[in-house]
Structure formats: C-alpha cells, structure tokens
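Have a look at the structure below, then the notes.
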Amino acid sequence: MMARILPVCMICRKVPRRGIAEGISICGSFICSECEQQMLESRFHNLDALKELSQKLI
Ligand SMILES: [Zn+2]
C-alpha cells in the first residue's frame with residue numbers, strides 16, 4: 001500500500017482532482033488551490049489565522 005494518501009483540503013475538505021499538485025502545504029496541512037486563491041484575495045492576515053488553525057490541528 002502506498003504511504004501517500006490523497007490530500008484533503010483542510011478548509012473545504014475536498015480532494016483536488018490533480019491531488020497535491022493542485023494546492024499547497026502549510027505546516028503539514030493541505031490547502032487546495034481554490035481555497036488558496038480565496039485566501040490570497042482576502043489578504044494575508046487570513047494566513048495568520050490559518051497558521052493558528054493548523055497549529056491547533058497538529
Ligand atoms: Zn479547499
């Protein structure tokens with residue numbers, strides 16, 4: 001069995017069609033390109049909130 005499982009976006013809980021190539025990893029958490037785009041559009045302070053969230057998850 002493969003060690004790698006399909007990445008699930010920590011925000012929308014979806015699995016991108018192209019897997020990990022269609023998103024980014026932050027602090028060990030995966031975010032799909034769709035949600036990444038939304039975060040970039042809503043400026044970077046949301047990224048801090050995201051880091052806090054991912055730290056809680058870890
Ligand atoms: Zn997403």
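Order determines the names: the first chain of the structure tokens is A, the second B, and so forth; residues in each chain are numbered 1 upward, and ligands are numbered 1 upward as they are shown.
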Extract, using only C-alpha atoms, all DNA, RNA and protein residues at most 8 Å from Ile26 of chain A, discarding same-chain residues fewer than 4 positions from it, and format them as a PyMOL selection string. chain A and resi 30-31+51+54
Taking only C-alpha atoms and all ligand atoms into account, report as a PDB file with C-alpha atoms, in the first residue's frame which residues have an atom no farther than 9 Å from an atom of ligand 1.
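Heads up, here's the output in selection15.pdb:
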ATOM      1  CA  VAL A   8      -7.745  16.607   1.658  1.00  0.00           C
ATOM      2  CA  CYS A   9      -8.111  20.361   1.850  1.00  0.00           C
ATOM      3  CA  MET A  10      -8.267  21.437   5.482  1.00  0.00           C
ATOM      4  CA  ILE A  11     -10.705  24.213   4.640  1.00  0.00           C
ATOM      5  CA  CYS A  12     -13.260  22.774   2.243  1.00  0.00           C
ATOM      6  CA  ARG A  13     -12.479  19.080   2.907  1.00  0.00           C
ATOM      7  CA  LYS A  14     -12.335  18.356  -0.802  1.00  0.00           C
ATOM      8  CA  VAL A  15      -9.753  16.290  -2.628  1.00  0.00           C
ATOM      9  CA  PRO A  16      -8.438  18.103  -5.706  1.00  0.00           C
ATOM     10  CA  GLY A  23      -2.736  23.073  -3.907  1.00  0.00           C
ATOM     11  CA  PHE A  30      -3.011  20.799   2.734  1.00  0.00           C
ATOM     12  CA  ILE A  31      -4.988  23.589   1.108  1.00  0.00           C
ATOM     13  CA  CYS A  32      -6.436  23.266  -2.375  1.00  0.00           C
ATOM     14  CA  SER A  33      -5.678  25.930  -4.976  1.00  0.00           C
ATOM     15  CA  GLU A  34      -9.260  27.137  -4.827  1.00  0.00           C
ATOM     16  CA  CYS A  35      -9.085  27.970  -1.140  1.00  0.00           C
ATOM     17  CA  GLU A  36      -5.536  29.259  -1.535  1.00  0.00           C
TER      18      GLU A  36
END
Run DSSP on the backbone and tell me which residues of segment 3-54 of chain A come out as helix (DSSP H, G or I); list them as a short mmCIF file (atom, residue, chain, number, x, y, z; two decimals) with N, CA and C atoms, in the first residue's frame.
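Ended up saving to selection-v8.cif:
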data_model
loop_
_atom_site.label_atom_id
_atom_site.label_comp_id
_atom_site.auth_asym_id
_atom_site.auth_seq_id
_atom_site.Cartn_x
_atom_site.Cartn_y
_atom_site.Cartn_z
N GLY A 19 -4.72 16.05 -7.16
CA GLY A 19 -4.03 15.73 -5.93
C GLY A 19 -3.20 16.88 -5.41
N ILE A 20 -2.04 16.54 -4.87
CA ILE A 20 -1.21 17.53 -4.18
C ILE A 20 -0.65 18.58 -5.12
N ALA A 21 -0.68 18.27 -6.44
CA ALA A 21 -0.20 19.25 -7.42
C ALA A 21 -1.15 20.44 -7.52
N GLU A 22 -2.37 20.25 -7.04
CA GLU A 22 -3.38 21.30 -7.18
C GLU A 22 -3.64 21.96 -5.83
N SER A 33 -5.98 24.67 -4.30
CA SER A 33 -5.68 25.93 -4.98
C SER A 33 -6.87 26.88 -4.94
N GLU A 34 -8.06 26.32 -4.88
CA GLU A 34 -9.26 27.14 -4.83
C GLU A 34 -9.29 27.96 -3.54
N CYS A 35 -9.07 27.29 -2.43
CA CYS A 35 -9.08 27.97 -1.14
C CYS A 35 -7.87 28.87 -0.99
N GLU A 36 -6.75 28.44 -1.56
CA GLU A 36 -5.54 29.26 -1.54
C GLU A 36 -5.81 30.59 -2.23
N GLN A 37 -6.47 30.50 -3.38
CA GLN A 37 -6.81 31.69 -4.14
C GLN A 37 -7.69 32.62 -3.33
N GLN A 38 -8.67 32.05 -2.65
CA GLN A 38 -9.58 32.85 -1.85
C GLN A 38 -8.84 33.54 -0.71
N MET A 39 -7.89 32.83 -0.13
CA MET A 39 -7.12 33.42 0.96
C MET A 39 -6.24 34.55 0.47
N LEU A 40 -5.63 34.35 -0.69
CA LEU A 40 -4.77 35.39 -1.24
C LEU A 40 -5.59 36.63 -1.57
N GLU A 41 -6.80 36.40 -2.06
CA GLU A 41 -7.65 37.52 -2.40
C GLU A 41 -8.14 38.27 -1.17
N HIS A 45 -3.67 38.55 6.27
CA HIS A 45 -3.96 38.35 7.69
C HIS A 45 -4.74 37.06 7.92
N ASN A 46 -5.44 36.61 6.86
CA ASN A 46 -6.12 35.33 6.98
C ASN A 46 -5.13 34.17 7.05
N LEU A 47 -3.97 34.39 6.48
CA LEU A 47 -2.95 33.35 6.52
C LEU A 47 -2.47 33.12 7.95
N ASP A 48 -2.44 34.19 8.74
CA ASP A 48 -2.08 34.04 10.14
C ASP A 48 -3.13 33.22 10.88
N ALA A 49 -4.38 33.49 10.59
CA ALA A 49 -5.46 32.71 11.20
C ALA A 49 -5.35 31.26 10.78
N LEU A 50 -4.95 31.06 9.56
CA LEU A 50 -4.79 29.71 9.05
C LEU A 50 -3.65 28.99 9.76
N LYS A 51 -2.56 29.69 9.99
CA LYS A 51 -1.43 29.09 10.69
C LYS A 51 -1.84 28.69 12.10
N GLU A 52 -2.60 29.56 12.75
CA GLU A 52 -3.09 29.22 14.09
C GLU A 52 -3.95 27.97 14.05
N LEU A 53 -4.81 27.92 13.05
CA LEU A 53 -5.70 26.77 12.90
C LEU A 53 -4.89 25.49 12.69
N SER A 54 -3.90 25.57 11.82
CA SER A 54 -3.13 24.38 11.52
C SER A 54 -2.29 23.94 12.72
#
Using DSSP on the backbone coordinates, identify the residues of chain A assigned to strand (DSSP E or B); present them as a list in words.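 Restricting chain A to strand (DSSP E or B) produces Gly23, Ile24, Ser25, Ile26, Ser29, Phe30, Ile31 and Cys32 of chain A.
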